[in-house]
Amino acid sequence: MFEMSRRTLLGSAAAAAAFGLASKLEFVPPAFAASADEPATGFYRYKVGDIEVTAIYDGIWRKPHDPAFIKDVSIDETKQALAAAHLPTDFMPIPLTVVVLKVGGRLIMMDAGSGVGQWQANATHLPGNMAAAGIDYRKIDTVMISHFHPDHVWGLMEKGSNAPVFPNAELVVHSAEYNWWTDPGRVDKLPEGRKGAGKRIAEVFPKWKNWKLVEDGAQVAPGIELVSAPGHTPGHSTYLVNSGNSQLLVSADIMYVPALLAPHPEWQGSYDQDGPLAITSRRKLIDRVIADKIAICGSHFPFPGSGSFVKDGNAYAFTPTSQA
């Protein structure tokens with residue numbers, strides 16, 4: 001265990017004020033040692049109107065450089081983009097942050113994380129950091145799913161048994177995402193590298209009775225709207241949170257590595273099932289965020305997983321939320 005000594009940080013006040021967010025941010029030390037690419041604190045809390053938002057650190061994938069990661073883009077080019085963003089360049093840093101919203105008396109989890117040790121060996125911090133933030137996973141009322149990639153949904157299942165981690169919570173997902181992955185015969189049509197994930201989804205998820213399938217524009221909870229953003233997967237979804245005059249787009253993987261895709265929004269990732277459509281969704285939503293002054297968080301943004309975008313010619317510039 002670790003000493004839960006709290007401290008308060010007043011940071012990014014100007015940015016917070018611009019989006020109508022609270023500037024008082026609470027931190028606690030996590031149950032792991034910080035490194036150059038991992039945060040020294042395990043959660044980050046702020047407000048969107050009356051809604052309390054807690055960003056919780058799960059872990060990081062130190063992905064070896066791969067020339068296929070971005071279509072028709074060299075490793076040298078991706079390293080240059082990382083260096084320009086002051087990020088490590090000896091690997092591709094892909095952190096994972098899970099967001100929990102407190103809406104009235106309800107606890108709403110946005111994606112379920114990667115499951116302890118089920119995605120990457122060091123992506124194990126979510127349970128401890130949730131507990132440190134005072135969030136009991138057994139009291140989660142709703143889990144809103146962006147898409148069915150392992151780093152977003154393996155946390156729904158216990159390792160080994162596949163037993164549901166949230167058997168009493170409502171599981172919200174776009175019907176296109178659920179139907180695509182559970183379509184009979186889907187596993188046989190998947191690339192070899194995705195067959196294992198597809199098989200697990202097809203065998204486990206249809207057995208659960210607590211799914212709620214919705215469409216684009218659905219009001220999935222008070223002040224929360226599903227905004228479809230297909231391309232990364234067929235039913236990839238973001239969620240727009242509204243409270244008072246404040247808004248937050250929980251953007252999942254629409255801009256999954258901002259260091260690469262903000263200056264190069266036309267780049268297609270190897271994990272995008274439909275690259276051109278993913279680019280269209282990316283531009284549409286980031287342009288909306290900028291025009292409407294909507295705060296934004298993303299699953300793989302540098303922790304605490306939030307920041308701001310501005311137009312930069314035909315591309316964008318991204319500024320991550322400061323932790324200091």
# chains A, B, ... in the order shown; residues from 1 in each chain; ligands from 1
>>> select_by_dssp(residues="range 17-263 of chain A", states="helix (DSSP H, G or I)", output="number ranges by chain")
A: 17-18, 75-84, 126-132, 137-139, 150-156, 175-182, 186-189, 192-207, 258-261
>>> closest_atom_pairs(of="range 144-192 of chain A", to="range 117-120 of chain A", cutoff="9 Å", atoms="only C-alpha atoms", output="JSON lines")
{"residue": "A:Pro150", "atom": "CA", "partner": "A:Trp119", "partner_atom": "CA", "distance": 6.6}
{"residue": "A:Asp151", "atom": "CA", "partner": "A:Trp119", "partner_atom": "CA", "distance": 6.0}
{"residue": "A:Trp154", "atom": "CA", "partner": "A:Gln118", "partner_atom": "CA", "distance": 6.8}
{"residue": "A:Gly155", "atom": "CA", "partner": "A:Gln118", "partner_atom": "CA", "distance": 8.2}
{"residue": "A:Lys159", "atom": "CA", "partner": "A:Gln118", "partner_atom": "CA", "distance": 6.8}
>>> write_last_selection(atoms="all heavy atoms", output="compact mmCIF listing (two decimals), in the first residue's frame")
# COMPACT_ATOMS: atom_id res chain seq x y z
N PRO A 150 -9.23 -4.37 -27.72
CA PRO A 150 -8.90 -4.92 -26.40
C PRO A 150 -8.54 -3.90 -25.34
O PRO A 150 -8.91 -4.08 -24.16
CB PRO A 150 -7.72 -5.85 -26.71
CG PRO A 150 -7.97 -6.31 -28.10
CD PRO A 150 -8.54 -5.10 -28.80
N ASP A 151 -7.83 -2.83 -25.70
CA ASP A 151 -7.41 -1.88 -24.69
C ASP A 151 -8.57 -1.05 -24.14
O ASP A 151 -8.40 -0.29 -23.19
CB ASP A 151 -6.31 -0.95 -25.21
CG ASP A 151 -6.63 -0.33 -26.56
OD1 ASP A 151 -7.16 -1.03 -27.42
OD2 ASP A 151 -6.31 0.86 -26.76
N TRP A 154 -11.25 -5.12 -22.68
CA TRP A 154 -10.82 -6.31 -21.92
C TRP A 154 -11.07 -6.12 -20.43
O TRP A 154 -11.22 -7.08 -19.69
CB TRP A 154 -9.35 -6.59 -22.19
CG TRP A 154 -9.00 -7.50 -23.32
CD1 TRP A 154 -7.79 -8.11 -23.50
CD2 TRP A 154 -9.80 -7.96 -24.44
NE1 TRP A 154 -7.79 -8.88 -24.66
CE2 TRP A 154 -9.01 -8.80 -25.24
CE3 TRP A 154 -11.10 -7.71 -24.83
CZ2 TRP A 154 -9.50 -9.41 -26.40
CZ3 TRP A 154 -11.59 -8.30 -26.00
CH2 TRP A 154 -10.80 -9.14 -26.75
N GLY A 155 -11.16 -4.88 -19.98
CA GLY A 155 -11.47 -4.62 -18.58
C GLY A 155 -12.88 -4.97 -18.18
O GLY A 155 -13.23 -4.94 -17.00
N LYS A 159 -9.66 -11.89 -16.21
CA LYS A 159 -8.64 -12.65 -16.91
C LYS A 159 -8.83 -14.14 -16.65
O LYS A 159 -9.04 -14.57 -15.52
CB LYS A 159 -7.25 -12.21 -16.44
CG LYS A 159 -6.10 -12.83 -17.22
CD LYS A 159 -4.77 -12.26 -16.76
CE LYS A 159 -3.61 -12.85 -17.56
NZ LYS A 159 -2.31 -12.27 -17.11
>>> select_by_dssp(residues="range 53-173 of chain A", states="strand (DSSP E)", output="ChimeraX atom specification")
/A:53-63,92-103,106-110,142-144,170-173
>>> residues_around(residues="Gly244 in chain A", least_positions_apart="3", cutoff="10 Å", atoms="only C-alpha atoms", output="PDB file with N, CA and C atoms, in the first residue's frame")
ATOM      1  N   GLY A  20     -14.729  26.702 -19.462  1.00  0.00           N
ATOM      2  CA  GLY A  20     -15.697  26.676 -18.382  1.00  0.00           C
ATOM      3  C   GLY A  20     -15.440  25.561 -17.389  1.00  0.00           C
ATOM      4  N   VAL A  48     -16.826  19.520 -15.313  1.00  0.00           N
ATOM      5  CA  VAL A  48     -17.482  20.036 -16.514  1.00  0.00           C
ATOM      6  C   VAL A  48     -18.872  20.456 -16.059  1.00  0.00           C
ATOM      7  N   GLY A  49     -19.059  21.742 -15.817  1.00  0.00           N
ATOM      8  CA  GLY A  49     -20.296  22.185 -15.193  1.00  0.00           C
ATOM      9  C   GLY A  49     -20.440  21.517 -13.833  1.00  0.00           C
ATOM     10  N   ASP A  50     -21.558  20.830 -13.641  1.00  0.00           N
ATOM     11  CA  ASP A  50     -21.789  20.136 -12.369  1.00  0.00           C
ATOM     12  C   ASP A  50     -21.304  18.694 -12.388  1.00  0.00           C
ATOM     13  N   ILE A  51     -20.767  18.234 -13.512  1.00  0.00           N
ATOM     14  CA  ILE A  51     -20.318  16.849 -13.644  1.00  0.00           C
ATOM     15  C   ILE A  51     -18.860  16.734 -13.222  1.00  0.00           C
ATOM     16  N   GLY A 223     -27.398  14.582 -19.986  1.00  0.00           N
ATOM     17  CA  GLY A 223     -26.302  15.430 -20.430  1.00  0.00           C
ATOM     18  C   GLY A 223     -25.245  14.737 -21.257  1.00  0.00           C
ATOM     19  N   GLN A 247     -18.874  21.861 -21.989  1.00  0.00           N
ATOM     20  CA  GLN A 247     -18.937  20.629 -22.758  1.00  0.00           C
ATOM     21  C   GLN A 247     -17.575  19.936 -22.750  1.00  0.00           C
TER      22      GLN A 247
END
>>> closest_residue(among="A:Glu170, A:Arg138, A:Pro302, A:His152", to="His86 in chain A", atoms="only C-alpha atoms")
A:Pro302
>>> residues_around(residues="range 275-292 of chain A", least_positions_apart="6", cutoff="12 Å", atoms="only C-alpha atoms", output="ChimeraX atom specification")
/A:18-19,70-71,227-240,245-258,261-269,298,307-312,314-318
>>> residues_around(residues="range 202-213 of chain A", least_positions_apart="6", cutoff="7 Å", atoms="only C-alpha atoms", output="JSON, numbers by chain")
{"A": [169, 170, 171, 172, 173, 174, 175, 181, 182]}
>>> write_last_selection(atoms="N, CA and C atoms", output="CSV table (one decimal), in the first residue's frame")
chain,number,residue,atom,x,y,z
A,169,ALA,N,-24.0,-3.5,-14.2
A,169,ALA,CA,-24.0,-2.2,-14.8
A,169,ALA,C,-24.6,-2.3,-16.2
A,170,GLU,N,-25.2,-1.2,-16.6
A,170,GLU,CA,-25.6,-1.1,-18.0
A,170,GLU,C,-24.4,-0.8,-18.9
A,171,LEU,N,-24.3,-1.6,-20.0
A,171,LEU,CA,-23.2,-1.5,-21.0
A,171,LEU,C,-23.8,-0.9,-22.2
A,172,VAL,N,-23.4,0.4,-22.5
A,172,VAL,CA,-23.9,1.1,-23.7
A,172,VAL,C,-22.9,1.1,-24.8
A,173,VAL,N,-23.4,0.7,-26.0
A,173,VAL,CA,-22.5,0.7,-27.2
A,173,VAL,C,-23.3,1.0,-28.4
A,174,HIS,N,-22.7,1.6,-29.4
A,174,HIS,CA,-23.3,1.8,-30.7
A,174,HIS,C,-23.7,0.4,-31.3
A,175,SER,N,-24.9,0.3,-31.8
A,175,SER,CA,-25.4,-1.0,-32.4
A,175,SER,C,-24.5,-1.5,-33.5
A,181,TRP,N,-19.0,-6.9,-34.6
A,181,TRP,CA,-18.1,-7.9,-34.0
A,181,TRP,C,-18.8,-9.2,-33.6
A,182,THR,N,-20.1,-9.2,-33.4
A,182,THR,CA,-20.8,-10.4,-33.1
A,182,THR,C,-21.5,-11.1,-34.2
>>> closest_residue(among="A:Leu96, A:Cys297, A:Ala40, A:Val214", to="Gly115 in chain A", atoms="only C-alpha atoms")
A:Leu96
>>> residues_around(residues="Lys102 in chain A", least_positions_apart="3", cutoff="8 Å", atoms="only C-alpha atoms", output="number ranges by chain")
A: 51-53, 105-108
>>> write_last_selection(atoms="N, CA and C atoms", output="PDB file, in the first residue's frame")
ATOM      1  N   ILE A  51     -20.767  18.234 -13.512  1.00  0.00           N
ATOM      2  CA  ILE A  51     -20.318  16.849 -13.644  1.00  0.00           C
ATOM      3  C   ILE A  51     -18.860  16.734 -13.222  1.00  0.00           C
ATOM      4  N   GLU A  52     -18.594  15.819 -12.311  1.00  0.00           N
ATOM      5  CA  GLU A  52     -17.231  15.565 -11.863  1.00  0.00           C
ATOM      6  C   GLU A  52     -16.581  14.547 -12.793  1.00  0.00           C
ATOM      7  N   VAL A  53     -15.402  14.868 -13.295  1.00  0.00           N
ATOM      8  CA  VAL A  53     -14.666  14.006 -14.217  1.00  0.00           C
ATOM      9  C   VAL A  53     -13.385  13.541 -13.521  1.00  0.00           C
ATOM     10  N   GLY A 105     -26.034  11.270  -8.796  1.00  0.00           N
ATOM     11  CA  GLY A 105     -25.610  10.167  -7.948  1.00  0.00           C
ATOM     12  C   GLY A 105     -25.087   8.968  -8.721  1.00  0.00           C
ATOM     13  N   ARG A 106     -24.954   9.089 -10.058  1.00  0.00           N
ATOM     14  CA  ARG A 106     -24.536   7.969 -10.900  1.00  0.00           C
ATOM     15  C   ARG A 106     -23.048   8.017 -11.197  1.00  0.00           C
ATOM     16  N   LEU A 107     -22.423   6.842 -11.252  1.00  0.00           N
ATOM     17  CA  LEU A 107     -21.040   6.708 -11.684  1.00  0.00           C
ATOM     18  C   LEU A 107     -21.033   6.088 -13.072  1.00  0.00           C
ATOM     19  N   ILE A 108     -20.471   6.811 -14.034  1.00  0.00           N
ATOM     20  CA  ILE A 108     -20.459   6.371 -15.425  1.00  0.00           C
ATOM     21  C   ILE A 108     -19.011   6.243 -15.885  1.00  0.00           C
TER      22      ILE A 108
END
>>> closest_residue(among="A:Thr54, A:Ser270, A:Ser114, A:Thr319", to="Ile135 in chain A", atoms="only C-alpha atoms")
A:Thr54
>>> residues_around(residues="Asp111 in chain A", least_positions_apart="5", cutoff="8 Å", atoms="only C-alpha atoms", output="list in words")
Val98, Val99, Val143, Met144, Ile145, Ser146, His152 and Val153 of chain A
>>> write_last_selection(atoms="C-alpha atoms", output="mmCIF file, in the first residue's frame")
data_model
loop_
_atom_site.group_PDB
_atom_site.id
_atom_site.type_symbol
_atom_site.label_atom_id
_atom_site.label_comp_id
_atom_site.auth_asym_id
_atom_site.auth_seq_id
_atom_site.Cartn_x
_atom_site.Cartn_y
_atom_site.Cartn_z
ATOM 1 C CA VAL A 98 -9.989 5.768 -18.435
ATOM 2 C CA VAL A 99 -12.516 8.442 -17.484
ATOM 3 C CA VAL A 143 -20.085 1.657 -18.809
ATOM 4 C CA MET A 144 -20.179 3.536 -22.118
ATOM 5 C CA ILE A 145 -18.113 1.763 -24.730
ATOM 6 C CA SER A 146 -16.393 3.562 -27.601
ATOM 7 C CA HIS A 152 -10.946 -0.499 -24.248
ATOM 8 C CA VAL A 153 -13.024 -3.582 -23.373
#
>>> closest_residue(among="A:Lys139, A:His300, A:His149, A:Lys189", to="Gly59 in chain A", atoms="only C-alpha atoms")
A:His300
>>> closest_residue(among="A:Ala131, A:Ala112, A:Ile60, A:Val73", to="Met92 in chain A", atoms="only C-alpha atoms")
A:Ile60
>>> decode(residues="range 306-321 of chain A", atoms="all heavy atoms", output="PDB file, in the first residue's frame")
ATOM      1  N   SER A 306      -6.007  14.714 -21.479  1.00  0.00           N
ATOM      2  CA  SER A 306      -6.810  15.823 -21.986  1.00  0.00           C
ATOM      3  C   SER A 306      -5.880  16.892 -22.538  1.00  0.00           C
ATOM      4  O   SER A 306      -4.656  16.834 -22.376  1.00  0.00           O
ATOM      5  CB  SER A 306      -7.711  16.405 -20.888  1.00  0.00           C
ATOM      6  OG  SER A 306      -6.937  16.804 -19.766  1.00  0.00           O
ATOM      7  N   GLY A 307      -6.457  17.866 -23.219  1.00  0.00           N
ATOM      8  CA  GLY A 307      -5.658  18.925 -23.800  1.00  0.00           C
ATOM      9  C   GLY A 307      -6.519  19.817 -24.668  1.00  0.00           C
ATOM     10  O   GLY A 307      -7.749  19.820 -24.552  1.00  0.00           O
ATOM     11  N   SER A 308      -5.880  20.554 -25.564  1.00  0.00           N
ATOM     12  CA  SER A 308      -6.623  21.456 -26.430  1.00  0.00           C
ATOM     13  C   SER A 308      -6.013  21.463 -27.823  1.00  0.00           C
ATOM     14  O   SER A 308      -4.806  21.267 -28.001  1.00  0.00           O
ATOM     15  CB  SER A 308      -6.639  22.875 -25.855  1.00  0.00           C
ATOM     16  OG  SER A 308      -5.312  23.371 -25.723  1.00  0.00           O
ATOM     17  N   PHE A 309      -6.864  21.679 -28.830  1.00  0.00           N
ATOM     18  CA  PHE A 309      -6.448  21.747 -30.229  1.00  0.00           C
ATOM     19  C   PHE A 309      -6.731  23.144 -30.772  1.00  0.00           C
ATOM     20  O   PHE A 309      -7.712  23.786 -30.383  1.00  0.00           O
ATOM     21  CB  PHE A 309      -7.225  20.732 -31.076  1.00  0.00           C
ATOM     22  CG  PHE A 309      -6.858  19.299 -30.812  1.00  0.00           C
ATOM     23  CD1 PHE A 309      -7.564  18.546 -29.875  1.00  0.00           C
ATOM     24  CD2 PHE A 309      -5.827  18.685 -31.509  1.00  0.00           C
ATOM     25  CE1 PHE A 309      -7.236  17.222 -29.629  1.00  0.00           C
ATOM     26  CE2 PHE A 309      -5.496  17.363 -31.276  1.00  0.00           C
ATOM     27  CZ  PHE A 309      -6.196  16.620 -30.332  1.00  0.00           C
ATOM     28  N   VAL A 310      -5.869  23.575 -31.676  1.00  0.00           N
ATOM     29  CA  VAL A 310      -6.117  24.777 -32.461  1.00  0.00           C
ATOM     30  C   VAL A 310      -5.787  24.448 -33.907  1.00  0.00           C
ATOM     31  O   VAL A 310      -5.034  23.517 -34.192  1.00  0.00           O
ATOM     32  CB  VAL A 310      -5.272  25.985 -31.984  1.00  0.00           C
ATOM     33  CG1 VAL A 310      -5.667  26.396 -30.577  1.00  0.00           C
ATOM     34  CG2 VAL A 310      -3.783  25.672 -32.066  1.00  0.00           C
ATOM     35  N   LYS A 311      -6.362  25.212 -34.823  1.00  0.00           N
ATOM     36  CA  LYS A 311      -6.051  25.025 -36.235  1.00  0.00           C
ATOM     37  C   LYS A 311      -4.617  25.490 -36.511  1.00  0.00           C
ATOM     38  O   LYS A 311      -4.146  26.472 -35.936  1.00  0.00           O
ATOM     39  CB  LYS A 311      -7.024  25.818 -37.101  1.00  0.00           C
ATOM     40  CG  LYS A 311      -8.449  25.297 -37.098  1.00  0.00           C
ATOM     41  CD  LYS A 311      -8.593  23.997 -37.870  1.00  0.00           C
ATOM     42  CE  LYS A 311      -8.535  24.198 -39.366  1.00  0.00           C
ATOM     43  NZ  LYS A 311      -8.801  22.946 -40.117  1.00  0.00           N
ATOM     44  N   ASP A 312      -3.952  24.769 -37.398  1.00  0.00           N
ATOM     45  CA  ASP A 312      -2.604  25.121 -37.833  1.00  0.00           C
ATOM     46  C   ASP A 312      -2.536  24.875 -39.336  1.00  0.00           C
ATOM     47  O   ASP A 312      -2.118  23.814 -39.794  1.00  0.00           O
ATOM     48  CB  ASP A 312      -1.565  24.278 -37.090  1.00  0.00           C
ATOM     49  CG  ASP A 312      -0.135  24.688 -37.426  1.00  0.00           C
ATOM     50  OD1 ASP A 312       0.050  25.743 -38.060  1.00  0.00           O
ATOM     51  OD2 ASP A 312       0.796  23.931 -37.067  1.00  0.00           O
ATOM     52  N   GLY A 313      -3.025  25.846 -40.091  1.00  0.00           N
ATOM     53  CA  GLY A 313      -3.163  25.646 -41.527  1.00  0.00           C
ATOM     54  C   GLY A 313      -4.224  24.608 -41.797  1.00  0.00           C
ATOM     55  O   GLY A 313      -5.357  24.718 -41.305  1.00  0.00           O
ATOM     56  N   ASN A 314      -3.852  23.574 -42.541  1.00  0.00           N
ATOM     57  CA  ASN A 314      -4.786  22.483 -42.815  1.00  0.00           C
ATOM     58  C   ASN A 314      -4.651  21.360 -41.807  1.00  0.00           C
ATOM     59  O   ASN A 314      -5.238  20.287 -41.978  1.00  0.00           O
ATOM     60  CB  ASN A 314      -4.553  21.940 -44.234  1.00  0.00           C
ATOM     61  CG  ASN A 314      -5.732  21.129 -44.745  1.00  0.00           C
ATOM     62  OD1 ASN A 314      -6.886  21.463 -44.482  1.00  0.00           O
ATOM     63  ND2 ASN A 314      -5.448  20.041 -45.451  1.00  0.00           N
ATOM     64  N   ALA A 315      -3.873  21.599 -40.768  1.00  0.00           N
ATOM     65  CA  ALA A 315      -3.659  20.599 -39.723  1.00  0.00           C
ATOM     66  C   ALA A 315      -4.028  21.220 -38.372  1.00  0.00           C
ATOM     67  O   ALA A 315      -4.793  22.188 -38.310  1.00  0.00           O
ATOM     68  CB  ALA A 315      -2.205  20.120 -39.749  1.00  0.00           C
ATOM     69  N   TYR A 316      -3.464  20.639 -37.293  1.00  0.00           N
ATOM     70  CA  TYR A 316      -3.805  21.094 -35.949  1.00  0.00           C
ATOM     71  C   TYR A 316      -2.544  21.142 -35.089  1.00  0.00           C
ATOM     72  O   TYR A 316      -1.542  20.468 -35.371  1.00  0.00           O
ATOM     73  CB  TYR A 316      -4.819  20.147 -35.294  1.00  0.00           C
ATOM     74  CG  TYR A 316      -6.025  19.873 -36.130  1.00  0.00           C
ATOM     75  CD1 TYR A 316      -6.094  18.721 -36.935  1.00  0.00           C
ATOM     76  CD2 TYR A 316      -7.109  20.754 -36.181  1.00  0.00           C
ATOM     77  CE1 TYR A 316      -7.217  18.457 -37.721  1.00  0.00           C
ATOM     78  CE2 TYR A 316      -8.214  20.506 -36.961  1.00  0.00           C
ATOM     79  CZ  TYR A 316      -8.252  19.360 -37.738  1.00  0.00           C
ATOM     80  OH  TYR A 316      -9.354  19.117 -38.524  1.00  0.00           O
ATOM     81  N   ALA A 317      -2.618  21.924 -34.029  1.00  0.00           N
ATOM     82  CA  ALA A 317      -1.594  21.907 -32.977  1.00  0.00           C
ATOM     83  C   ALA A 317      -2.284  21.464 -31.696  1.00  0.00           C
ATOM     84  O   ALA A 317      -3.403  21.890 -31.398  1.00  0.00           O
ATOM     85  CB  ALA A 317      -0.963  23.274 -32.808  1.00  0.00           C
ATOM     86  N   PHE A 318      -1.621  20.587 -30.949  1.00  0.00           N
ATOM     87  CA  PHE A 318      -2.182  20.028 -29.720  1.00  0.00           C
ATOM     88  C   PHE A 318      -1.325  20.430 -28.540  1.00  0.00           C
ATOM     89  O   PHE A 318      -0.096  20.330 -28.588  1.00  0.00           O
ATOM     90  CB  PHE A 318      -2.245  18.500 -29.818  1.00  0.00           C
ATOM     91  CG  PHE A 318      -2.684  17.827 -28.534  1.00  0.00           C
ATOM     92  CD1 PHE A 318      -4.001  17.921 -28.110  1.00  0.00           C
ATOM     93  CD2 PHE A 318      -1.782  17.096 -27.774  1.00  0.00           C
ATOM     94  CE1 PHE A 318      -4.414  17.297 -26.932  1.00  0.00           C
ATOM     95  CE2 PHE A 318      -2.196  16.460 -26.605  1.00  0.00           C
ATOM     96  CZ  PHE A 318      -3.504  16.568 -26.188  1.00  0.00           C
ATOM     97  N   THR A 319      -1.979  20.885 -27.479  1.00  0.00           N
ATOM     98  CA  THR A 319      -1.303  21.188 -26.227  1.00  0.00           C
ATOM     99  C   THR A 319      -1.880  20.297 -25.136  1.00  0.00           C
ATOM    100  O   THR A 319      -3.073  20.428 -24.807  1.00  0.00           O
ATOM    101  CB  THR A 319      -1.489  22.662 -25.834  1.00  0.00           C
ATOM    102  OG1 THR A 319      -0.986  23.493 -26.881  1.00  0.00           O
ATOM    103  CG2 THR A 319      -0.750  22.964 -24.546  1.00  0.00           C
ATOM    104  N   PRO A 320      -1.087  19.376 -24.598  1.00  0.00           N
ATOM    105  CA  PRO A 320      -1.614  18.509 -23.526  1.00  0.00           C
ATOM    106  C   PRO A 320      -1.813  19.280 -22.233  1.00  0.00           C
ATOM    107  O   PRO A 320      -1.136  20.287 -21.992  1.00  0.00           O
ATOM    108  CB  PRO A 320      -0.530  17.438 -23.379  1.00  0.00           C
ATOM    109  CG  PRO A 320       0.715  18.100 -23.850  1.00  0.00           C
ATOM    110  CD  PRO A 320       0.304  19.062 -24.931  1.00  0.00           C
ATOM    111  N   THR A 321      -2.738  18.823 -21.424  1.00  0.00           N
ATOM    112  CA  THR A 321      -2.938  19.417 -20.109  1.00  0.00           C
ATOM    113  C   THR A 321      -1.711  19.189 -19.277  1.00  0.00           C
ATOM    114  O   THR A 321      -1.166  18.084 -19.209  1.00  0.00           O
ATOM    115  CB  THR A 321      -4.160  18.780 -19.425  1.00  0.00           C
ATOM    116  OG1 THR A 321      -5.318  19.032 -20.227  1.00  0.00           O
ATOM    117  CG2 THR A 321      -4.366  19.365 -18.036  1.00  0.00           C
TER     118      THR A 321
END
